Amino acid sequence: MKILKNGRRRTAMLTSALALALIPFSTGTASANTTPGWGDDMPDVIWDCNNGNADSCQYHEQNAETELGKRRQASNVISNCASNQPVTLTRTDSTTTSTEYAFEQQTSVEVSAGFSDTFEAGMKASESQTETWKVGSAHTATETHTSTIPPGQQGAWWFAPYVRHSQGYLEVHYGSRNHGHYIWYYPGNGGLPGVDVLTPVFLPGSGELKGNWYWATWNC
């Protein structure tokens, strides 16, 4: 048996301890791929398209429709809790909506300006003279309201914007093989919609966000 000197014995023991400490990290299942729904056995196409690391990224729209979106509170709460008389106020309220991008039903991925252009190029252009949409831009709805709040109640204004709902997939090209292929389709074989682009609809000329205002009151 070979005897280690004290210094070498401590070094060998330290090396073994470090190797054991690294094993859980090297055999873990955590993925570094930020593309939702894809693991490390596929390229990180969302990151690559977002940061200019792919030769080309194309968005193919498969379905599109304009629909009324979810209501969101557009004013501060107006309180009349301590009075026994109704209160009438006139005020101007506004709300802003911008494009939202969802990948495999996740909306946390931010989209860069260049990547935003990719989606706009693949989306059907507006042919209507009464409304339009543009990817990446924010639009505001502003309206003056006269509201009456009954005694013992409070109220607020809500706004539901019209949005252009586009569904499709990404076609990503690489100059050299990436994980075995030059071309990748996200989320699947080029026929599965997995990308959702919700774009605010606005009125041409004024740029005013199109939608509906709602007034609601409730007990204090």
# chains A, B, ... in the order shown; residues from 1 in each chain; ligands from 1

$ residues_around --residues "segment 83-89 of chain A" --least-positions-apart "2" --cutoff "8 Å" --atoms "only C-alpha atoms" --output "PyMOL selection string"
chain A and resi 80-81+91+146-152

$ write_last_selection --atoms "C-alpha atoms" --output "PDB file, in the first residue's frame"
ATOM      1  CA  ASN A  80     -67.966  57.491  -0.555  1.00  0.00           C
ATOM      2  CA  CYS A  81     -67.964  55.267   2.500  1.00  0.00           C
ATOM      3  CA  ARG A  91     -62.563  62.938 -14.030  1.00  0.00           C
ATOM      4  CA  THR A 146     -68.981  61.594 -14.772  1.00  0.00           C
ATOM      5  CA  SER A 147     -69.558  59.076 -12.009  1.00  0.00           C
ATOM      6  CA  THR A 148     -72.063  58.960  -9.174  1.00  0.00           C
ATOM      7  CA  ILE A 149     -71.138  56.997  -6.071  1.00  0.00           C
ATOM      8  CA  PRO A 150     -74.045  56.160  -3.740  1.00  0.00           C
ATOM      9  CA  PRO A 151     -73.548  56.657   0.018  1.00  0.00           C
ATOM     10  CA  GLY A 152     -71.715  53.824   1.714  1.00  0.00           C
TER      11      GLY A 152
END

$ select_by_dssp --residues "chain A" --states "alpha helix (DSSP H)" --output "mmCIF file with N, CA and C atoms, in the first residue's frame"
data_model
loop_
_atom_site.group_PDB
_atom_site.id
_atom_site.type_symbol
_atom_site.label_atom_id
_atom_site.label_comp_id
_atom_site.auth_asym_id
_atom_site.auth_seq_id
_atom_site.Cartn_x
_atom_site.Cartn_y
_atom_site.Cartn_z
ATOM 1 N N ASN A 6 1.586 13.766 4.639
ATOM 2 C CA ASN A 6 0.478 14.515 5.226
ATOM 3 C C ASN A 6 -0.125 15.527 4.263
ATOM 4 N N GLY A 7 0.741 16.277 3.588
ATOM 5 C CA GLY A 7 0.233 17.307 2.669
ATOM 6 C C GLY A 7 -0.528 16.696 1.518
ATOM 7 N N ARG A 8 0.027 15.609 0.950
ATOM 8 C CA ARG A 8 -0.632 14.964 -0.187
ATOM 9 C C ARG A 8 -1.909 14.280 0.248
ATOM 10 N N ARG A 9 -1.935 13.758 1.491
ATOM 11 C CA ARG A 9 -3.140 13.101 1.967
ATOM 12 C C ARG A 9 -4.282 14.104 2.090
ATOM 13 N N ARG A 10 -3.986 15.297 2.609
ATOM 14 C CA ARG A 10 -5.026 16.324 2.748
ATOM 15 C C ARG A 10 -5.529 16.762 1.378
ATOM 16 N N THR A 11 -4.599 16.885 0.402
ATOM 17 C CA THR A 11 -4.999 17.290 -0.955
ATOM 18 C C THR A 11 -5.899 16.242 -1.586
ATOM 19 N N ALA A 12 -5.547 14.954 -1.396
ATOM 20 C CA ALA A 12 -6.358 13.884 -1.973
ATOM 21 C C ALA A 12 -7.747 13.863 -1.368
ATOM 22 N N MET A 13 -7.829 14.046 -0.042
ATOM 23 C CA MET A 13 -9.129 14.061 0.629
ATOM 24 C C MET A 13 -9.963 15.248 0.178
ATOM 25 N N LEU A 14 -9.337 16.407 -0.004
ATOM 26 C CA LEU A 14 -10.047 17.596 -0.462
ATOM 27 C C LEU A 14 -10.570 17.398 -1.873
ATOM 28 N N THR A 15 -9.739 16.781 -2.733
ATOM 29 C CA THR A 15 -10.164 16.526 -4.110
ATOM 30 C C THR A 15 -11.370 15.596 -4.142
ATOM 31 N N SER A 16 -11.352 14.551 -3.311
ATOM 32 C CA SER A 16 -12.481 13.618 -3.258
ATOM 33 C C SER A 16 -13.739 14.308 -2.764
ATOM 34 N N ALA A 17 -13.607 15.173 -1.766
ATOM 35 C CA ALA A 17 -14.769 15.897 -1.241
ATOM 36 C C ALA A 17 -15.367 16.815 -2.282
ATOM 37 N N LEU A 18 -14.516 17.489 -3.048
ATOM 38 C CA LEU A 18 -15.011 18.374 -4.099
ATOM 39 C C LEU A 18 -15.737 17.588 -5.170
ATOM 40 N N ALA A 19 -15.204 16.427 -5.520
ATOM 41 C CA ALA A 19 -15.838 15.602 -6.546
ATOM 42 C C ALA A 19 -17.213 15.165 -6.100
ATOM 43 N N LEU A 20 -17.351 14.770 -4.812
ATOM 44 C CA LEU A 20 -18.649 14.374 -4.294
ATOM 45 C C LEU A 20 -19.619 15.552 -4.274
ATOM 46 N N ALA A 21 -19.101 16.739 -3.943
ATOM 47 C CA ALA A 21 -19.964 17.917 -3.888
ATOM 48 C C ALA A 21 -20.479 18.292 -5.262
ATOM 49 N N LEU A 22 -19.728 17.975 -6.303
ATOM 50 C CA LEU A 22 -20.134 18.367 -7.648
ATOM 51 C C LEU A 22 -21.093 17.379 -8.285
ATOM 52 N N ILE A 23 -21.184 16.176 -7.745
ATOM 53 C CA ILE A 23 -22.021 15.158 -8.379
ATOM 54 C C ILE A 23 -23.485 15.579 -8.494
ATOM 55 N N PRO A 24 -24.145 16.124 -7.428
ATOM 56 C CA PRO A 24 -25.557 16.503 -7.569
ATOM 57 C C PRO A 24 -25.796 17.529 -8.665
ATOM 58 N N PHE A 25 -24.851 18.445 -8.876
ATOM 59 C CA PHE A 25 -25.037 19.477 -9.903
ATOM 60 C C PHE A 25 -24.880 18.884 -11.305
ATOM 61 N N SER A 26 -23.984 17.946 -11.472
ATOM 62 C CA SER A 26 -23.735 17.392 -12.791
ATOM 63 C C SER A 26 -24.792 16.385 -13.205
ATOM 64 N N VAL A 45 -34.159 28.300 -29.001
ATOM 65 C CA VAL A 45 -34.527 29.129 -30.153
ATOM 66 C C VAL A 45 -35.062 30.497 -29.735
ATOM 67 N N ILE A 46 -35.800 30.575 -28.626
ATOM 68 C CA ILE A 46 -36.314 31.877 -28.182
ATOM 69 C C ILE A 46 -35.162 32.802 -27.829
ATOM 70 N N TRP A 47 -34.188 32.293 -27.083
ATOM 71 C CA TRP A 47 -33.009 33.094 -26.735
ATOM 72 C C TRP A 47 -32.248 33.491 -27.985
ATOM 73 N N ASP A 48 -32.042 32.545 -28.904
ATOM 74 C CA ASP A 48 -31.271 32.830 -30.110
ATOM 75 C C ASP A 48 -31.949 33.886 -30.970
ATOM 76 N N CYS A 49 -33.256 33.792 -31.135
ATOM 77 C CA CYS A 49 -33.979 34.794 -31.937
ATOM 78 C C CYS A 49 -34.022 36.141 -31.229
ATOM 79 N N ASN A 50 -34.078 36.115 -29.916
ATOM 80 C CA ASN A 50 -34.150 37.345 -29.130
ATOM 81 C C ASN A 50 -32.822 38.089 -29.094
ATOM 82 N N ALA A 113 -36.582 44.288 -29.752
ATOM 83 C CA ALA A 113 -37.132 45.031 -30.890
ATOM 84 C C ALA A 113 -36.978 44.242 -32.193
ATOM 85 N N GLY A 114 -35.813 43.649 -32.408
ATOM 86 C CA GLY A 114 -35.600 42.879 -33.631
ATOM 87 C C GLY A 114 -36.483 41.662 -33.713
ATOM 88 N N PHE A 115 -36.688 40.991 -32.580
ATOM 89 C CA PHE A 115 -37.556 39.818 -32.542
ATOM 90 C C PHE A 115 -39.011 40.232 -32.744
ATOM 91 N N SER A 116 -39.378 41.395 -32.246
ATOM 92 C CA SER A 116 -40.726 41.932 -32.443
ATOM 93 C C SER A 116 -41.019 42.135 -33.933
ATOM 94 N N ASP A 117 -40.009 42.605 -34.665
ATOM 95 C CA ASP A 117 -40.178 42.786 -36.112
ATOM 96 C C ASP A 117 -40.450 41.456 -36.810
ATOM 97 N N THR A 118 -39.875 40.381 -36.286
ATOM 98 C CA THR A 118 -40.107 39.051 -36.857
ATOM 99 C C THR A 118 -41.575 38.690 -36.791
ATOM 100 N N PHE A 119 -42.209 38.963 -35.660
ATOM 101 C CA PHE A 119 -43.627 38.633 -35.522
ATOM 102 C C PHE A 119 -44.493 39.508 -36.419
ATOM 103 N N GLU A 120 -44.164 40.793 -36.469
ATOM 104 C CA GLU A 120 -44.970 41.702 -37.294
ATOM 105 C C GLU A 120 -44.890 41.303 -38.762
ATOM 106 N N ALA A 121 -43.716 40.861 -39.225
ATOM 107 C CA ALA A 121 -43.564 40.470 -40.623
ATOM 108 C C ALA A 121 -44.392 39.234 -40.947
ATOM 109 N N GLY A 122 -44.633 38.379 -39.954
ATOM 110 C CA GLY A 122 -45.381 37.157 -40.200
ATOM 111 C C GLY A 122 -46.863 37.266 -39.956
#

$ atom_distance --atom1 "atom CA of Gly136 of chain A" --atom2 "atom CA of His173 of chain A"
23.1 Å

$ closest_residue --among "A:Ser108, A:Trp184, A:Asn33, A:Val201" --to "Cys57 of chain A" --atoms "only C-alpha atoms"
A:Trp184

$ select_by_dssp --residues "segment 11-144 of chain A" --states "strand (DSSP E or B)" --output "PyMOL selection string"
chain A and resi 56-68+72-73+78-80+87-97+100-103+106+132-133+139-144

$ write_last_selection --atoms "N, CA and C atoms" --output "CSV table (one decimal), in the first residue's frame"
chain,number,residue,atom,x,y,z
A,56,SER,N,-31.7,33.3,-39.2
A,56,SER,CA,-33.0,33.9,-39.5
A,56,SER,C,-34.1,33.3,-38.6
A,57,CYS,N,-35.1,34.1,-38.3
A,57,CYS,CA,-36.2,33.6,-37.5
A,57,CYS,C,-37.5,34.1,-38.2
A,58,GLN,N,-38.4,33.2,-38.5
A,58,GLN,CA,-39.6,33.5,-39.2
A,58,GLN,C,-40.8,33.1,-38.4
A,59,TYR,N,-41.8,34.0,-38.3
A,59,TYR,CA,-43.1,33.7,-37.6
A,59,TYR,C,-44.1,33.3,-38.7
A,60,HIS,N,-44.7,32.2,-38.5
A,60,HIS,CA,-45.8,31.7,-39.4
A,60,HIS,C,-47.1,31.8,-38.7
A,61,GLU,N,-48.0,32.7,-39.1
A,61,GLU,CA,-49.3,32.8,-38.5
A,61,GLU,C,-50.2,31.8,-39.0
A,62,GLN,N,-50.9,31.1,-38.2
A,62,GLN,CA,-51.9,30.0,-38.6
A,62,GLN,C,-53.3,30.4,-38.3
A,63,ASN,N,-53.6,31.1,-37.2
A,63,ASN,CA,-54.9,31.6,-36.8
A,63,ASN,C,-54.8,33.0,-36.3
A,64,ALA,N,-55.9,33.8,-36.6
A,64,ALA,CA,-55.9,35.2,-36.1
A,64,ALA,C,-57.3,35.6,-36.0
A,65,GLU,N,-57.6,36.4,-35.0
A,65,GLU,CA,-59.0,37.0,-34.8
A,65,GLU,C,-58.9,38.1,-33.8
A,66,THR,N,-59.8,39.1,-34.0
A,66,THR,CA,-59.9,40.2,-33.1
A,66,THR,C,-61.0,39.9,-32.0
A,67,GLU,N,-60.6,40.1,-30.8
A,67,GLU,CA,-61.6,39.8,-29.7
A,67,GLU,C,-61.4,40.8,-28.6
A,68,LEU,N,-62.5,40.8,-27.8
A,68,LEU,CA,-62.4,41.7,-26.6
A,68,LEU,C,-61.6,41.1,-25.5
A,72,ARG,N,-59.6,45.3,-17.1
A,72,ARG,CA,-58.6,45.7,-16.1
A,72,ARG,C,-59.0,47.0,-15.5
A,73,GLN,N,-58.7,47.2,-14.2
A,73,GLN,CA,-59.0,48.4,-13.6
A,73,GLN,C,-58.2,49.6,-14.2
A,78,ILE,N,-62.8,55.2,-6.1
A,78,ILE,CA,-63.5,56.4,-5.6
A,78,ILE,C,-64.3,56.0,-4.5
A,79,SER,N,-64.1,56.6,-3.3
A,79,SER,CA,-64.7,56.1,-2.1
A,79,SER,C,-65.8,57.1,-1.6
A,80,ASN,N,-66.9,56.7,-1.2
A,80,ASN,CA,-68.0,57.5,-0.6
A,80,ASN,C,-68.5,56.7,0.7
A,87,VAL,N,-72.3,61.1,-4.2
A,87,VAL,CA,-71.2,62.0,-4.7
A,87,VAL,C,-71.1,61.9,-6.2
A,88,THR,N,-71.0,63.0,-6.9
A,88,THR,CA,-70.8,62.9,-8.3
A,88,THR,C,-69.5,63.6,-8.7
A,89,LEU,N,-68.7,62.9,-9.4
A,89,LEU,CA,-67.3,63.4,-9.8
A,89,LEU,C,-67.2,63.3,-11.3
A,90,THR,N,-66.4,64.3,-11.9
A,90,THR,CA,-66.0,64.2,-13.3
A,90,THR,C,-64.5,64.1,-13.3
A,91,ARG,N,-64.0,63.1,-14.0
A,91,ARG,CA,-62.6,62.9,-14.0
A,91,ARG,C,-62.2,62.3,-15.3
A,92,THR,N,-60.9,62.4,-15.7
A,92,THR,CA,-60.4,61.8,-16.9
A,92,THR,C,-59.6,60.5,-16.6
A,93,ASP,N,-59.9,59.4,-17.1
A,93,ASP,CA,-59.2,58.2,-16.9
A,93,ASP,C,-58.5,57.7,-18.1
A,94,SER,N,-57.4,57.0,-17.9
A,94,SER,CA,-56.7,56.5,-19.1
A,94,SER,C,-56.0,55.1,-18.7
A,95,THR,N,-55.8,54.3,-19.7
A,95,THR,CA,-55.1,53.0,-19.5
A,95,THR,C,-54.3,52.7,-20.8
A,96,THR,N,-53.2,52.1,-20.6
A,96,THR,CA,-52.3,51.8,-21.8
A,96,THR,C,-52.1,50.3,-21.9
A,97,THR,N,-52.1,49.8,-23.1
A,97,THR,CA,-52.0,48.4,-23.4
A,97,THR,C,-50.9,48.2,-24.5
A,100,GLU,N,-48.4,41.6,-25.9
A,100,GLU,CA,-47.9,40.5,-25.0
A,100,GLU,C,-47.6,39.3,-25.9
A,101,TYR,N,-46.5,38.6,-25.5
A,101,TYR,CA,-46.1,37.4,-26.2
A,101,TYR,C,-46.1,36.2,-25.3
A,102,ALA,N,-46.8,35.2,-25.7
A,102,ALA,CA,-46.9,33.9,-24.9
A,102,ALA,C,-46.3,32.8,-25.7
A,103,PHE,N,-45.4,32.1,-25.0
A,103,PHE,CA,-44.8,30.9,-25.6
A,103,PHE,C,-45.2,29.7,-24.8
A,106,GLN,N,-46.8,30.6,-21.6
A,106,GLN,CA,-46.1,31.4,-20.7
A,106,GLN,C,-45.9,32.8,-21.3
A,132,THR,N,-56.7,49.1,-36.6
A,132,THR,CA,-55.4,48.5,-37.1
A,132,THR,C,-54.7,48.0,-35.8
A,133,TRP,N,-53.5,47.4,-36.1
A,133,TRP,CA,-52.7,46.9,-35.0
A,133,TRP,C,-51.2,47.0,-35.4
A,139,HIS,N,-50.5,51.5,-26.8
A,139,HIS,CA,-51.5,52.5,-27.1
A,139,HIS,C,-52.4,52.8,-25.9
A,140,THR,N,-52.9,54.0,-25.9
A,140,THR,CA,-53.6,54.5,-24.7
A,140,THR,C,-55.1,54.8,-25.0
A,141,ALA,N,-56.0,54.5,-24.1
A,141,ALA,CA,-57.4,54.9,-24.2
A,141,ALA,C,-57.6,55.9,-23.1
A,142,THR,N,-58.2,57.1,-23.5
A,142,THR,CA,-58.5,58.1,-22.5
A,142,THR,C,-59.9,58.6,-22.7
A,143,GLU,N,-60.6,58.7,-21.6
A,143,GLU,CA,-62.0,59.2,-21.7
A,143,GLU,C,-62.4,59.9,-20.4
A,144,THR,N,-63.2,61.0,-20.5
A,144,THR,CA,-63.7,61.7,-19.4
A,144,THR,C,-65.0,61.1,-18.9

$ closest_residue --among "A:Asp55, A:Asp41, A:Glu110, A:Glu104" --to "Tyr174 of chain A" --atoms "only C-alpha atoms"
A:Asp55

$ atom_distance --atom1 "atom CA of Val197 of chain A" --atom2 "atom CA of Gly175 of chain A"
27.2 Å

$ decode --residues "segment 63-88 of chain A" --atoms "N, CA, C and O atoms" --output "PDB file, in the first residue's frame"
ATOM      1  N   ASN A  63     -53.573  31.109 -37.187  1.00  0.00           N
ATOM      2  CA  ASN A  63     -54.913  31.559 -36.831  1.00  0.00           C
ATOM      3  C   ASN A  63     -54.831  32.991 -36.317  1.00  0.00           C
ATOM      4  O   ASN A  63     -53.854  33.362 -35.660  1.00  0.00           O
ATOM      5  N   ALA A  64     -55.870  33.775 -36.608  1.00  0.00           N
ATOM      6  CA  ALA A  64     -55.902  35.153 -36.123  1.00  0.00           C
ATOM      7  C   ALA A  64     -57.342  35.633 -36.027  1.00  0.00           C
ATOM      8  O   ALA A  64     -58.166  35.332 -36.900  1.00  0.00           O
ATOM      9  N   GLU A  65     -57.640  36.367 -34.975  1.00  0.00           N
ATOM     10  CA  GLU A  65     -58.960  36.956 -34.803  1.00  0.00           C
ATOM     11  C   GLU A  65     -58.866  38.127 -33.837  1.00  0.00           C
ATOM     12  O   GLU A  65     -57.967  38.188 -32.997  1.00  0.00           O
ATOM     13  N   THR A  66     -59.807  39.061 -33.990  1.00  0.00           N
ATOM     14  CA  THR A  66     -59.899  40.190 -33.076  1.00  0.00           C
ATOM     15  C   THR A  66     -60.972  39.888 -32.046  1.00  0.00           C
ATOM     16  O   THR A  66     -62.074  39.473 -32.391  1.00  0.00           O
ATOM     17  N   GLU A  67     -60.637  40.079 -30.774  1.00  0.00           N
ATOM     18  CA  GLU A  67     -61.591  39.767 -29.718  1.00  0.00           C
ATOM     19  C   GLU A  67     -61.442  40.768 -28.583  1.00  0.00           C
ATOM     20  O   GLU A  67     -60.420  41.465 -28.478  1.00  0.00           O
ATOM     21  N   LEU A  68     -62.470  40.842 -27.761  1.00  0.00           N
ATOM     22  CA  LEU A  68     -62.437  41.729 -26.607  1.00  0.00           C
ATOM     23  C   LEU A  68     -61.634  41.054 -25.495  1.00  0.00           C
ATOM     24  O   LEU A  68     -61.904  39.906 -25.123  1.00  0.00           O
ATOM     25  N   GLY A  69     -60.625  41.759 -24.994  1.00  0.00           N
ATOM     26  CA  GLY A  69     -59.758  41.194 -23.977  1.00  0.00           C
ATOM     27  C   GLY A  69     -60.339  41.292 -22.580  1.00  0.00           C
ATOM     28  O   GLY A  69     -61.491  41.711 -22.378  1.00  0.00           O
ATOM     29  N   LYS A  70     -59.540  40.922 -21.614  1.00  0.00           N
ATOM     30  CA  LYS A  70     -59.979  40.929 -20.223  1.00  0.00           C
ATOM     31  C   LYS A  70     -60.080  42.354 -19.689  1.00  0.00           C
ATOM     32  O   LYS A  70     -59.319  43.227 -20.060  1.00  0.00           O
ATOM     33  N   ARG A  71     -61.045  42.541 -18.800  1.00  0.00           N
ATOM     34  CA  ARG A  71     -61.182  43.846 -18.159  1.00  0.00           C
ATOM     35  C   ARG A  71     -60.055  44.058 -17.162  1.00  0.00           C
ATOM     36  O   ARG A  71     -59.613  43.129 -16.496  1.00  0.00           O
ATOM     37  N   ARG A  72     -59.603  45.301 -17.084  1.00  0.00           N
ATOM     38  CA  ARG A  72     -58.588  45.664 -16.103  1.00  0.00           C
ATOM     39  C   ARG A  72     -58.954  47.014 -15.496  1.00  0.00           C
ATOM     40  O   ARG A  72     -59.550  47.869 -16.166  1.00  0.00           O
ATOM     41  N   GLN A  73     -58.654  47.203 -14.229  1.00  0.00           N
ATOM     42  CA  GLN A  73     -58.996  48.446 -13.565  1.00  0.00           C
ATOM     43  C   GLN A  73     -58.212  49.593 -14.182  1.00  0.00           C
ATOM     44  O   GLN A  73     -56.997  49.525 -14.332  1.00  0.00           O
ATOM     45  N   ALA A  74     -58.929  50.671 -14.525  1.00  0.00           N
ATOM     46  CA  ALA A  74     -58.307  51.789 -15.235  1.00  0.00           C
ATOM     47  C   ALA A  74     -58.347  53.089 -14.448  1.00  0.00           C
ATOM     48  O   ALA A  74     -57.905  54.121 -14.942  1.00  0.00           O
ATOM     49  N   SER A  75     -58.885  53.068 -13.226  1.00  0.00           N
ATOM     50  CA  SER A  75     -58.927  54.281 -12.401  1.00  0.00           C
ATOM     51  C   SER A  75     -58.682  53.901 -10.951  1.00  0.00           C
ATOM     52  O   SER A  75     -58.773  52.727 -10.562  1.00  0.00           O
ATOM     53  N   ASN A  76     -58.386  54.907 -10.169  1.00  0.00           N
ATOM     54  CA  ASN A  76     -58.318  54.685  -8.726  1.00  0.00           C
ATOM     55  C   ASN A  76     -59.718  54.431  -8.183  1.00  0.00           C
ATOM     56  O   ASN A  76     -60.721  54.836  -8.780  1.00  0.00           O
ATOM     57  N   VAL A  77     -59.789  53.770  -7.041  1.00  0.00           N
ATOM     58  CA  VAL A  77     -61.083  53.541  -6.398  1.00  0.00           C
ATOM     59  C   VAL A  77     -61.588  54.865  -5.820  1.00  0.00           C
ATOM     60  O   VAL A  77     -60.861  55.566  -5.107  1.00  0.00           O
ATOM     61  N   ILE A  78     -62.828  55.221  -6.144  1.00  0.00           N
ATOM     62  CA  ILE A  78     -63.456  56.441  -5.631  1.00  0.00           C
ATOM     63  C   ILE A  78     -64.342  56.034  -4.465  1.00  0.00           C
ATOM     64  O   ILE A  78     -65.278  55.249  -4.623  1.00  0.00           O
ATOM     65  N   SER A  79     -64.055  56.558  -3.277  1.00  0.00           N
ATOM     66  CA  SER A  79     -64.732  56.123  -2.064  1.00  0.00           C
ATOM     67  C   SER A  79     -65.754  57.147  -1.591  1.00  0.00           C
ATOM     68  O   SER A  79     -65.495  58.354  -1.584  1.00  0.00           O
ATOM     69  N   ASN A  80     -66.934  56.665  -1.192  1.00  0.00           N
ATOM     70  CA  ASN A  80     -67.966  57.491  -0.555  1.00  0.00           C
ATOM     71  C   ASN A  80     -68.512  56.730   0.652  1.00  0.00           C
ATOM     72  O   ASN A  80     -69.714  56.641   0.866  1.00  0.00           O
ATOM     73  N   CYS A  81     -67.584  56.162   1.409  1.00  0.00           N
ATOM     74  CA  CYS A  81     -67.964  55.267   2.500  1.00  0.00           C
ATOM     75  C   CYS A  81     -68.532  56.022   3.709  1.00  0.00           C
ATOM     76  O   CYS A  81     -69.410  55.504   4.402  1.00  0.00           O
ATOM     77  N   ALA A  82     -68.023  57.222   3.994  1.00  0.00           N
ATOM     78  CA  ALA A  82     -68.384  57.912   5.234  1.00  0.00           C
ATOM     79  C   ALA A  82     -69.552  58.875   5.070  1.00  0.00           C
ATOM     80  O   ALA A  82     -69.964  59.510   6.042  1.00  0.00           O
ATOM     81  N   SER A  83     -70.111  58.990   3.871  1.00  0.00           N
ATOM     82  CA  SER A  83     -71.164  59.979   3.627  1.00  0.00           C
ATOM     83  C   SER A  83     -72.529  59.301   3.546  1.00  0.00           C
ATOM     84  O   SER A  83     -72.635  58.124   3.243  1.00  0.00           O
ATOM     85  N   ASN A  84     -73.570  60.099   3.842  1.00  0.00           N
ATOM     86  CA  ASN A  84     -74.939  59.603   3.663  1.00  0.00           C
ATOM     87  C   ASN A  84     -75.602  60.232   2.449  1.00  0.00           C
ATOM     88  O   ASN A  84     -76.811  60.152   2.276  1.00  0.00           O
ATOM     89  N   GLN A  85     -74.791  60.881   1.596  1.00  0.00           N
ATOM     90  CA  GLN A  85     -75.279  61.504   0.383  1.00  0.00           C
ATOM     91  C   GLN A  85     -74.474  60.991  -0.812  1.00  0.00           C
ATOM     92  O   GLN A  85     -73.276  60.693  -0.690  1.00  0.00           O
ATOM     93  N   PRO A  86     -75.105  60.874  -1.986  1.00  0.00           N
ATOM     94  CA  PRO A  86     -74.344  60.462  -3.181  1.00  0.00           C
ATOM     95  C   PRO A  86     -73.349  61.545  -3.592  1.00  0.00           C
ATOM     96  O   PRO A  86     -73.567  62.737  -3.346  1.00  0.00           O
ATOM     97  N   VAL A  87     -72.275  61.133  -4.189  1.00  0.00           N
ATOM     98  CA  VAL A  87     -71.237  62.045  -4.653  1.00  0.00           C
ATOM     99  C   VAL A  87     -71.068  61.857  -6.157  1.00  0.00           C
ATOM    100  O   VAL A  87     -70.975  60.725  -6.645  1.00  0.00           O
ATOM    101  N   THR A  88     -71.023  62.969  -6.888  1.00  0.00           N
ATOM    102  CA  THR A  88     -70.828  62.933  -8.336  1.00  0.00           C
ATOM    103  C   THR A  88     -69.511  63.614  -8.677  1.00  0.00           C
ATOM    104  O   THR A  88     -69.272  64.761  -8.267  1.00  0.00           O
TER     105      THR A  88
END
